[in-house]
Every structure is written in C-alpha cells, then in structure tokens.
file target-v4.txt (compact mmCIF, N, CA and C atoms)
# COMPACT_ATOMS: atom_id res chain seq x y z
N MET A 1 55.31 33.24 -166.09
CA MET A 1 56.71 32.90 -166.30
C MET A 1 56.95 31.42 -166.02
N ILE A 2 56.42 30.94 -164.90
CA ILE A 2 56.62 29.53 -164.54
C ILE A 2 55.88 28.63 -165.52
N LEU A 3 54.69 29.07 -165.95
CA LEU A 3 53.94 28.28 -166.92
C LEU A 3 54.67 28.21 -168.26
N THR A 4 55.31 29.29 -168.67
CA THR A 4 56.07 29.31 -169.90
C THR A 4 57.26 28.34 -169.83
N ILE A 5 57.95 28.35 -168.70
CA ILE A 5 59.08 27.44 -168.52
C ILE A 5 58.60 26.00 -168.50
N ALA A 6 57.45 25.76 -167.88
CA ALA A 6 56.90 24.39 -167.85
C ALA A 6 56.54 23.92 -169.25
N VAL A 7 55.95 24.79 -170.07
CA VAL A 7 55.60 24.42 -171.45
C VAL A 7 56.87 24.16 -172.27
N LEU A 8 57.89 24.99 -172.06
CA LEU A 8 59.16 24.78 -172.77
C LEU A 8 59.82 23.47 -172.37
N ALA A 9 59.80 23.15 -171.07
CA ALA A 9 60.40 21.89 -170.60
C ALA A 9 59.64 20.70 -171.16
N LEU A 10 58.31 20.79 -171.16
CA LEU A 10 57.51 19.71 -171.72
C LEU A 10 57.76 19.57 -173.22
N ALA A 11 57.91 20.70 -173.92
CA ALA A 11 58.21 20.65 -175.35
C ALA A 11 59.56 20.00 -175.61
N LEU A 12 60.54 20.28 -174.76
CA LEU A 12 61.85 19.64 -174.91
C LEU A 12 61.76 18.13 -174.72
N LEU A 13 61.00 17.70 -173.72
CA LEU A 13 60.83 16.26 -173.50
C LEU A 13 60.10 15.60 -174.66
N VAL A 14 59.05 16.25 -175.17
CA VAL A 14 58.32 15.69 -176.30
C VAL A 14 59.19 15.64 -177.55
N ALA A 15 60.01 16.66 -177.75
CA ALA A 15 60.90 16.67 -178.91
C ALA A 15 61.92 15.54 -178.82
N LEU A 16 62.50 15.35 -177.65
CA LEU A 16 63.44 14.24 -177.48
C LEU A 16 62.76 12.90 -177.70
N TRP A 17 61.55 12.74 -177.17
CA TRP A 17 60.82 11.48 -177.37
C TRP A 17 60.51 11.27 -178.85
N THR A 18 60.16 12.34 -179.56
CA THR A 18 59.84 12.24 -180.98
C THR A 18 61.04 11.78 -181.79
N VAL A 19 62.20 12.31 -181.46
CA VAL A 19 63.40 11.96 -182.22
C VAL A 19 63.91 10.57 -181.86
N LEU A 20 63.80 10.19 -180.61
CA LEU A 20 64.39 8.94 -180.16
C LEU A 20 63.48 7.72 -180.23
N THR A 21 62.20 7.91 -180.52
CA THR A 21 61.29 6.77 -180.59
C THR A 21 61.58 5.93 -181.83
N SER A 22 61.27 4.65 -181.73
CA SER A 22 61.62 3.76 -182.83
C SER A 22 60.54 3.68 -183.90
N GLY A 23 59.30 3.96 -183.56
CA GLY A 23 58.22 3.84 -184.53
C GLY A 23 57.96 5.12 -185.29
N LEU A 24 57.67 4.97 -186.57
CA LEU A 24 57.41 6.12 -187.42
C LEU A 24 56.10 6.81 -187.04
N MET A 25 55.08 6.02 -186.75
CA MET A 25 53.79 6.61 -186.38
C MET A 25 53.89 7.32 -185.04
N ARG A 26 54.67 6.80 -184.13
CA ARG A 26 54.88 7.48 -182.84
C ARG A 26 55.59 8.81 -183.04
N SER A 27 56.52 8.86 -183.97
CA SER A 27 57.20 10.11 -184.26
C SER A 27 56.25 11.16 -184.82
N VAL A 28 55.32 10.75 -185.65
CA VAL A 28 54.33 11.67 -186.20
C VAL A 28 53.43 12.21 -185.09
N ILE A 29 53.03 11.33 -184.18
CA ILE A 29 52.20 11.77 -183.05
C ILE A 29 52.98 12.71 -182.15
N GLY A 30 54.25 12.42 -181.95
CA GLY A 30 55.09 13.32 -181.16
C GLY A 30 55.26 14.68 -181.83
N LEU A 31 55.37 14.68 -183.15
CA LEU A 31 55.47 15.94 -183.89
C LEU A 31 54.20 16.76 -183.76
N ALA A 32 53.06 16.10 -183.79
CA ALA A 32 51.79 16.80 -183.60
C ALA A 32 51.69 17.36 -182.19
N ALA A 33 52.13 16.59 -181.19
CA ALA A 33 52.10 17.08 -179.81
C ALA A 33 53.04 18.27 -179.63
N LEU A 34 54.18 18.21 -180.26
CA LEU A 34 55.12 19.34 -180.20
C LEU A 34 54.54 20.58 -180.87
N SER A 35 53.79 20.39 -181.94
CA SER A 35 53.13 21.51 -182.60
C SER A 35 52.06 22.12 -181.70
N VAL A 36 51.34 21.29 -180.97
CA VAL A 36 50.34 21.80 -180.03
C VAL A 36 51.01 22.59 -178.91
N LEU A 37 52.13 22.10 -178.41
CA LEU A 37 52.85 22.83 -177.37
C LEU A 37 53.42 24.15 -177.90
N ALA A 38 53.87 24.17 -179.14
CA ALA A 38 54.35 25.42 -179.74
C ALA A 38 53.19 26.39 -179.91
N THR A 39 52.01 25.87 -180.22
CA THR A 39 50.82 26.71 -180.33
C THR A 39 50.48 27.35 -179.00
N ILE A 40 50.52 26.55 -177.94
CA ILE A 40 50.23 27.07 -176.60
C ILE A 40 51.24 28.15 -176.23
N LEU A 41 52.50 27.91 -176.52
CA LEU A 41 53.54 28.87 -176.19
C LEU A 41 53.35 30.18 -176.98
N MET A 42 53.05 30.07 -178.28
CA MET A 42 52.83 31.27 -179.08
C MET A 42 51.62 32.06 -178.59
N TYR A 43 50.58 31.35 -178.20
CA TYR A 43 49.39 32.03 -177.69
C TYR A 43 49.69 32.74 -176.38
N MET A 44 50.47 32.10 -175.52
CA MET A 44 50.82 32.73 -174.24
C MET A 44 51.71 33.95 -174.44
N LEU A 45 52.52 33.96 -175.48
CA LEU A 45 53.41 35.08 -175.74
C LEU A 45 52.75 36.18 -176.56
N GLY A 46 51.49 36.01 -176.92
CA GLY A 46 50.75 37.07 -177.58
C GLY A 46 50.68 36.98 -179.09
N ALA A 47 51.25 35.95 -179.68
CA ALA A 47 51.20 35.79 -181.14
C ALA A 47 50.02 34.88 -181.49
N ARG A 48 48.83 35.43 -181.36
CA ARG A 48 47.63 34.62 -181.51
C ARG A 48 47.41 34.15 -182.95
N LEU A 49 47.68 34.99 -183.92
CA LEU A 49 47.50 34.60 -185.31
C LEU A 49 48.50 33.52 -185.72
N ALA A 50 49.73 33.66 -185.27
CA ALA A 50 50.74 32.62 -185.56
C ALA A 50 50.36 31.31 -184.87
N ALA A 51 49.76 31.39 -183.69
CA ALA A 51 49.33 30.18 -182.99
C ALA A 51 48.22 29.46 -183.75
N VAL A 52 47.30 30.22 -184.31
CA VAL A 52 46.22 29.61 -185.08
C VAL A 52 46.77 28.93 -186.32
N PHE A 53 47.68 29.58 -187.02
CA PHE A 53 48.27 28.97 -188.21
C PHE A 53 49.10 27.74 -187.84
N GLU A 54 49.84 27.80 -186.75
CA GLU A 54 50.65 26.65 -186.31
C GLU A 54 49.75 25.46 -186.02
N LEU A 55 48.66 25.69 -185.32
CA LEU A 55 47.78 24.58 -184.96
C LEU A 55 47.07 24.02 -186.18
N SER A 56 46.61 24.89 -187.08
CA SER A 56 45.85 24.39 -188.22
C SER A 56 46.74 23.73 -189.26
N VAL A 57 47.89 24.32 -189.54
CA VAL A 57 48.74 23.77 -190.59
C VAL A 57 49.62 22.64 -190.06
N CYS A 58 50.45 22.92 -189.07
CA CYS A 58 51.39 21.90 -188.58
C CYS A 58 50.71 20.85 -187.71
N GLY A 59 49.85 21.30 -186.81
CA GLY A 59 49.19 20.35 -185.92
C GLY A 59 48.14 19.52 -186.62
N GLY A 60 47.49 20.07 -187.63
CA GLY A 60 46.42 19.37 -188.29
C GLY A 60 46.78 18.82 -189.64
N LEU A 61 47.03 19.71 -190.58
CA LEU A 61 47.22 19.31 -191.97
C LEU A 61 48.44 18.43 -192.18
N ILE A 62 49.58 18.84 -191.66
CA ILE A 62 50.81 18.07 -191.86
C ILE A 62 50.72 16.70 -191.18
N THR A 63 50.09 16.65 -190.02
CA THR A 63 49.92 15.37 -189.32
C THR A 63 49.05 14.43 -190.14
N VAL A 64 47.98 14.94 -190.71
CA VAL A 64 47.10 14.11 -191.54
C VAL A 64 47.84 13.62 -192.78
N VAL A 65 48.63 14.48 -193.40
CA VAL A 65 49.40 14.07 -194.58
C VAL A 65 50.41 12.99 -194.22
N PHE A 66 51.11 13.16 -193.09
CA PHE A 66 52.09 12.14 -192.68
C PHE A 66 51.41 10.81 -192.36
N VAL A 67 50.32 10.84 -191.61
CA VAL A 67 49.63 9.60 -191.24
C VAL A 67 49.09 8.90 -192.48
N SER A 68 48.50 9.65 -193.39
CA SER A 68 47.97 9.01 -194.60
C SER A 68 49.08 8.45 -195.48
N THR A 69 50.21 9.15 -195.55
CA THR A 69 51.33 8.65 -196.36
C THR A 69 51.91 7.38 -195.75
N ILE A 70 52.07 7.35 -194.44
CA ILE A 70 52.59 6.15 -193.79
C ILE A 70 51.63 4.99 -193.96
N SER A 71 50.34 5.22 -193.81
CA SER A 71 49.38 4.13 -193.94
C SER A 71 49.25 3.63 -195.38
N MET A 72 49.49 4.50 -196.36
CA MET A 72 49.40 4.06 -197.76
C MET A 72 50.67 3.38 -198.24
N THR A 73 51.81 3.65 -197.62
CA THR A 73 53.06 3.05 -198.11
C THR A 73 53.42 1.76 -197.42
N GLN A 74 52.85 1.47 -196.27
CA GLN A 74 53.16 0.21 -195.60
C GLN A 74 52.25 -0.89 -196.13
N PRO A 75 52.81 -2.07 -196.38
CA PRO A 75 51.97 -3.18 -196.83
C PRO A 75 50.99 -3.58 -195.72
N PRO A 76 49.80 -4.06 -196.09
CA PRO A 76 48.80 -4.37 -195.07
C PRO A 76 49.17 -5.54 -194.16
N ASP A 77 50.03 -6.46 -194.63
CA ASP A 77 50.38 -7.61 -193.80
C ASP A 77 51.60 -7.36 -192.91
N SER A 78 52.27 -6.23 -193.06
CA SER A 78 53.44 -5.95 -192.23
C SER A 78 53.02 -5.39 -190.89
N LYS A 79 53.90 -5.53 -189.93
CA LYS A 79 53.64 -4.95 -188.62
C LYS A 79 53.77 -3.44 -188.72
N SER A 80 53.05 -2.73 -187.87
CA SER A 80 53.14 -1.27 -187.90
C SER A 80 54.44 -0.79 -187.28
N GLU A 81 55.00 -1.57 -186.39
CA GLU A 81 56.27 -1.22 -185.74
C GLU A 81 57.27 -2.35 -185.98
N PRO A 82 58.06 -2.32 -187.06
CA PRO A 82 58.94 -3.46 -187.38
C PRO A 82 60.09 -3.64 -186.40
N HIS A 83 60.54 -2.62 -185.72
CA HIS A 83 61.69 -2.73 -184.83
C HIS A 83 61.28 -2.79 -183.36
N GLU A 84 60.05 -3.18 -183.09
CA GLU A 84 59.57 -3.16 -181.72
C GLU A 84 60.33 -4.16 -180.84
N GLY A 85 60.64 -5.34 -181.37
CA GLY A 85 61.33 -6.33 -180.57
C GLY A 85 62.82 -6.09 -180.44
N LYS A 86 63.39 -5.27 -181.28
CA LYS A 86 64.83 -5.04 -181.31
C LYS A 86 65.17 -3.64 -180.83
N ARG A 87 64.72 -3.27 -179.68
CA ARG A 87 65.01 -1.93 -179.15
C ARG A 87 66.45 -1.88 -178.68
N LYS A 88 67.17 -0.95 -179.24
CA LYS A 88 68.56 -0.76 -178.84
C LYS A 88 68.60 0.06 -177.56
N PRO A 89 69.59 -0.17 -176.75
CA PRO A 89 69.70 0.67 -175.56
C PRO A 89 70.03 2.10 -175.96
N LEU A 90 69.46 3.02 -175.23
CA LEU A 90 69.63 4.44 -175.55
C LEU A 90 70.78 5.06 -174.76
N ARG A 91 71.74 4.26 -174.38
CA ARG A 91 72.86 4.78 -173.60
C ARG A 91 73.70 5.76 -174.39
N ARG A 92 73.76 5.61 -175.69
CA ARG A 92 74.57 6.52 -176.48
C ARG A 92 73.98 7.92 -176.53
N TYR A 93 72.70 8.06 -176.18
CA TYR A 93 72.06 9.38 -176.15
C TYR A 93 72.06 9.98 -174.75
N ALA A 94 72.73 9.38 -173.81
CA ALA A 94 72.73 9.88 -172.44
C ALA A 94 73.39 11.25 -172.32
N VAL A 95 74.31 11.55 -173.21
CA VAL A 95 75.01 12.83 -173.16
C VAL A 95 74.19 13.95 -173.82
N LEU A 96 73.13 13.61 -174.52
CA LEU A 96 72.33 14.60 -175.24
C LEU A 96 71.72 15.66 -174.32
N PRO A 97 71.11 15.33 -173.17
CA PRO A 97 70.60 16.40 -172.31
C PRO A 97 71.70 17.33 -171.79
N ILE A 98 72.88 16.80 -171.56
CA ILE A 98 73.99 17.63 -171.10
C ILE A 98 74.39 18.61 -172.20
N LEU A 99 74.42 18.15 -173.45
CA LEU A 99 74.75 19.03 -174.57
C LEU A 99 73.69 20.11 -174.77
N VAL A 100 72.43 19.76 -174.59
CA VAL A 100 71.35 20.75 -174.75
C VAL A 100 71.45 21.82 -173.68
N VAL A 101 71.70 21.41 -172.44
CA VAL A 101 71.83 22.38 -171.35
C VAL A 101 73.07 23.25 -171.56
N ALA A 102 74.18 22.66 -171.99
CA ALA A 102 75.39 23.43 -172.25
C ALA A 102 75.18 24.43 -173.38
N ALA A 103 74.48 24.03 -174.42
CA ALA A 103 74.19 24.95 -175.52
C ALA A 103 73.29 26.09 -175.05
N GLY A 104 72.32 25.79 -174.22
CA GLY A 104 71.45 26.83 -173.67
C GLY A 104 72.22 27.83 -172.82
N ILE A 105 73.13 27.33 -172.00
CA ILE A 105 73.94 28.22 -171.17
C ILE A 105 74.86 29.06 -172.04
N ALA A 106 75.45 28.46 -173.07
CA ALA A 106 76.34 29.21 -173.96
C ALA A 106 75.58 30.30 -174.70
N VAL A 107 74.40 30.01 -175.19
CA VAL A 107 73.61 31.02 -175.89
C VAL A 107 73.20 32.13 -174.94
N THR A 108 72.84 31.79 -173.72
CA THR A 108 72.45 32.80 -172.73
C THR A 108 73.62 33.71 -172.40
N LEU A 109 74.78 33.12 -172.17
CA LEU A 109 75.95 33.94 -171.84
C LEU A 109 76.39 34.79 -173.03
N LEU A 110 76.31 34.25 -174.22
CA LEU A 110 76.69 34.99 -175.40
C LEU A 110 75.74 36.16 -175.65
N SER A 111 74.45 35.93 -175.48
CA SER A 111 73.50 37.02 -175.71
C SER A 111 73.58 38.07 -174.61
N ALA A 112 74.03 37.69 -173.41
CA ALA A 112 74.18 38.68 -172.34
C ALA A 112 75.38 39.59 -172.60
N LYS A 113 76.43 39.06 -173.25
CA LYS A 113 77.62 39.85 -173.52
C LYS A 113 77.44 40.78 -174.72
N LEU A 114 76.58 40.41 -175.66
CA LEU A 114 76.34 41.25 -176.83
C LEU A 114 75.39 42.38 -176.46
N SER A 115 75.61 43.52 -177.04
CA SER A 115 74.68 44.62 -176.82
C SER A 115 73.67 44.60 -177.96
N LEU A 116 72.58 43.90 -177.75
CA LEU A 116 71.57 43.75 -178.78
C LEU A 116 70.66 44.97 -178.78
N PRO A 117 70.36 45.50 -179.95
CA PRO A 117 69.44 46.64 -179.99
C PRO A 117 68.02 46.20 -179.65
N VAL A 118 67.33 47.03 -178.91
CA VAL A 118 65.97 46.73 -178.49
C VAL A 118 65.04 47.71 -179.18
N LEU A 119 64.01 47.18 -179.81
CA LEU A 119 63.03 48.02 -180.48
C LEU A 119 62.11 48.62 -179.43
N SER A 120 61.90 49.89 -179.49
CA SER A 120 61.07 50.53 -178.48
C SER A 120 59.62 50.10 -178.64
N GLY A 121 58.89 50.15 -177.56
CA GLY A 121 57.50 49.71 -177.56
C GLY A 121 56.55 50.72 -178.17
N THR A 122 56.99 51.93 -178.43
CA THR A 122 56.10 52.92 -179.01
C THR A 122 56.06 52.75 -180.52
N ALA A 123 54.89 52.88 -181.07
CA ALA A 123 54.72 52.75 -182.52
C ALA A 123 54.84 54.13 -183.14
N ASP A 124 55.90 54.33 -183.89
CA ASP A 124 56.13 55.61 -184.55
C ASP A 124 55.88 55.41 -186.04
N ALA A 125 54.92 56.14 -186.59
CA ALA A 125 54.53 55.96 -187.99
C ALA A 125 55.58 56.51 -188.95
N SER A 126 56.46 57.37 -188.47
CA SER A 126 57.45 57.96 -189.37
C SER A 126 58.66 57.06 -189.59
N VAL A 127 58.80 56.00 -188.81
CA VAL A 127 59.92 55.09 -188.94
C VAL A 127 59.58 54.04 -190.00
N ASP A 128 60.46 53.90 -190.98
CA ASP A 128 60.26 52.94 -192.04
C ASP A 128 60.63 51.55 -191.55
N ALA A 129 59.84 50.54 -191.91
CA ALA A 129 60.10 49.17 -191.47
C ALA A 129 61.42 48.65 -192.01
N ARG A 130 61.79 49.05 -193.22
CA ARG A 130 63.06 48.60 -193.79
C ARG A 130 64.24 49.13 -192.98
N GLU A 131 64.13 50.36 -192.53
CA GLU A 131 65.20 50.95 -191.72
C GLU A 131 65.34 50.24 -190.38
N VAL A 132 64.20 49.87 -189.80
CA VAL A 132 64.24 49.16 -188.51
C VAL A 132 64.85 47.78 -188.70
N LEU A 133 64.41 47.06 -189.74
CA LEU A 133 64.90 45.69 -189.94
C LEU A 133 66.38 45.64 -190.30
N TRP A 134 66.81 46.49 -191.23
CA TRP A 134 68.18 46.42 -191.71
C TRP A 134 69.13 47.29 -190.92
N GLY A 135 68.64 48.20 -190.12
CA GLY A 135 69.49 49.06 -189.31
C GLY A 135 69.54 48.63 -187.86
N ASP A 136 68.39 48.73 -187.20
CA ASP A 136 68.34 48.46 -185.77
C ASP A 136 68.35 46.98 -185.44
N ARG A 137 67.71 46.16 -186.24
CA ARG A 137 67.55 44.74 -185.93
C ARG A 137 68.47 43.86 -186.76
N ARG A 138 69.62 44.34 -187.13
CA ARG A 138 70.56 43.57 -187.94
C ARG A 138 71.03 42.30 -187.22
N THR A 139 71.15 42.34 -185.91
CA THR A 139 71.60 41.17 -185.15
C THR A 139 70.60 40.03 -185.27
N ASP A 140 69.32 40.36 -185.26
CA ASP A 140 68.29 39.32 -185.37
C ASP A 140 68.32 38.63 -186.72
N LEU A 141 68.58 39.40 -187.75
CA LEU A 141 68.57 38.82 -189.09
C LEU A 141 69.81 38.01 -189.32

call {"tool": "encode", "arguments": {"input": "target-v4.txt", "output": "structure tokens"}}
result
Amino acid sequence: MILTIAVLALALLVALWTVLTSGLMRSVIGLAALSVLATILMYMLGARLAAVFELSVCGGLITVVFVSTISMTQPPDSKSEPHEGKRKPLRRYAVLPILVVAAGIAVTLLSAKLSLPVLSGTADASVDAREVLWGDRRTDL
C-alpha cells in the first residue's frame, strides 16, 4: 500500500515536471518516465499483460518516434533548447498542486457517497459479460 502511494506520488511529480518543463526533448523523456511508472503501478496491481504493453508501446515505441521526429524537424545549427535563457517564473502554476489535491478530495468524497456496484470475486460462467458491463457496471462506463 505504501509502495503504491509512493509510486503514485512520484508519477504525479514526474507528470507535473513533464508538463511544466520548457524543453521539448525533456518533455519526451518525462513522458517515457511516466510510462515506466505507470508500468510499475500496473504490474503491482496485477495487470501484468497491460504493464508489458504499456512499457513496450508507450515507454519504448512512442518515445523513439517522438525523439526521432524532434531530431529530424529541428535544424542542425539551432540550439536544442531555444528557450533555455528565457525561463519564466512558474509562480502562476503555484495553485496547481492545490487544485490537484482538491480534485482528489472531491472525487474521493463523491465516490464514497455513491453506492457503486461491486463485482463479486467469484467467476460464474453463467453470467454474460454484456449483462455485467451494461447492468452491474453502468457507473464505470
């Protein structure tokens, strides 16, 4: 449980860094790191096949496509980070962590008040998947 929360907190920090960084290549690296953290989280939660696909497609293939596209579209004589000297202060984003925490609290309180149907852990072969998805799990969809 603590490890899951630590991975989620680290993923939130990496996501914020990815969005707020000024360089395009740094954003791609941050996206790859976020994909690796999502892979770790999926593996810890038992979705091993989804974790393998996440790591191979998003962590590997998409990162390679982004890096190659950025390297092919920038002229060779230009700097890799054109806005490096003109870093704007990030004071306008200071309220962003407060908004994220408030949204998390609101979603938690809202989901606690709703009576969400829970799928039983027993596998019953007579239950049709369509009935479960459109009947019992309507809130999820």

call {"tool": "atom_distance", "arguments": {"input": "target-v4.txt", "atom1": "atom N of Thr18 of chain A", "atom2": "atom N of Leu31 of chain A"}}
result
6.4 Å

call {"tool": "residues_around", "arguments": {"input": "target-v4.txt", "residues": "segment 50-52 of chain A", "least_positions_apart": "3", "cutoff": "7 Å", "atoms": "only N, CA and C atoms", "output": "mmCIF file with N, CA and C atoms, keeping the file's coordinate frame"}}
result
data_model
loop_
_atom_site.group_PDB
_atom_site.id
_atom_site.type_symbol
_atom_site.label_atom_id
_atom_site.label_comp_id
_atom_site.auth_asym_id
_atom_site.auth_seq_id
_atom_site.Cartn_x
_atom_site.Cartn_y
_atom_site.Cartn_z
ATOM 1 N N ALA A 38 53.870 24.170 -179.140
ATOM 2 C CA ALA A 38 54.350 25.420 -179.740
ATOM 3 C C ALA A 38 53.190 26.390 -179.910
ATOM 4 N N THR A 39 52.010 25.870 -180.220
ATOM 5 C CA THR A 39 50.820 26.710 -180.330
ATOM 6 C C THR A 39 50.480 27.350 -179.000
ATOM 7 N N ILE A 40 50.520 26.550 -177.940
ATOM 8 C CA ILE A 40 50.230 27.070 -176.600
ATOM 9 C C ILE A 40 51.240 28.150 -176.230
ATOM 10 N N MET A 42 53.050 30.070 -178.280
ATOM 11 C CA MET A 42 52.830 31.270 -179.080
ATOM 12 C C MET A 42 51.620 32.060 -178.590
ATOM 13 N N TYR A 43 50.580 31.350 -178.200
ATOM 14 C CA TYR A 43 49.390 32.030 -177.690
ATOM 15 C C TYR A 43 49.690 32.740 -176.380
ATOM 16 N N ALA A 47 51.250 35.950 -179.680
ATOM 17 C CA ALA A 47 51.200 35.790 -181.140
ATOM 18 C C ALA A 47 50.020 34.880 -181.490
ATOM 19 N N LEU A 55 48.660 25.690 -185.320
ATOM 20 C CA LEU A 55 47.780 24.580 -184.960
ATOM 21 C C LEU A 55 47.070 24.020 -186.180
ATOM 22 N N SER A 56 46.610 24.890 -187.080
ATOM 23 C CA SER A 56 45.850 24.390 -188.220
ATOM 24 C C SER A 56 46.740 23.730 -189.260
ATOM 25 N N VAL A 57 47.890 24.320 -189.540
ATOM 26 C CA VAL A 57 48.740 23.770 -190.590
ATOM 27 C C VAL A 57 49.620 22.640 -190.060
#

call {"tool": "closest_residue", "arguments": {"input": "target-v4.txt", "among": "A:Ala103, A:Ile2, A:Leu49, A:Val64", "to": "Ala32 of chain A", "atoms": "only C-alpha atoms"}}
result
A:Val64

call {"tool": "closest_residue", "arguments": {"input": "target-v4.txt", "among": "A:Val14, A:Ile98, A:Leu45, A:Ala9", "to": "Gly30 of chain A", "atoms": "only C-alpha atoms"}}
result
A:Val14

call {"tool": "residues_around", "arguments": {"input": "target-v4.txt", "residues": "Ile70 of chain A", "least_positions_apart": "6", "cutoff": "10 Å", "atoms": "only C-alpha atoms", "output": "ChimeraX atom specification"}}
result
/A:24-25,28,64,80

call {"tool": "atom_distance", "arguments": {"input": "target-v4.txt", "atom1": "atom C of Ala33 of chain A", "atom2": "atom N of Ala15 of chain A"}}
result
7.4 Å

call {"tool": "atom_distance", "arguments": {"input": "target-v4.txt", "atom1": "atom N of Ser27 of chain A", "atom2": "atom C of Leu96 of chain A"}}
result
19.2 Å

call {"tool": "closest_residue", "arguments": {"input": "target-v4.txt", "among": "A:Leu41, A:Phe53, A:Met72, A:Leu12", "to": "Pro97 of chain A", "atoms": "only C-alpha atoms"}}
result
A:Leu12
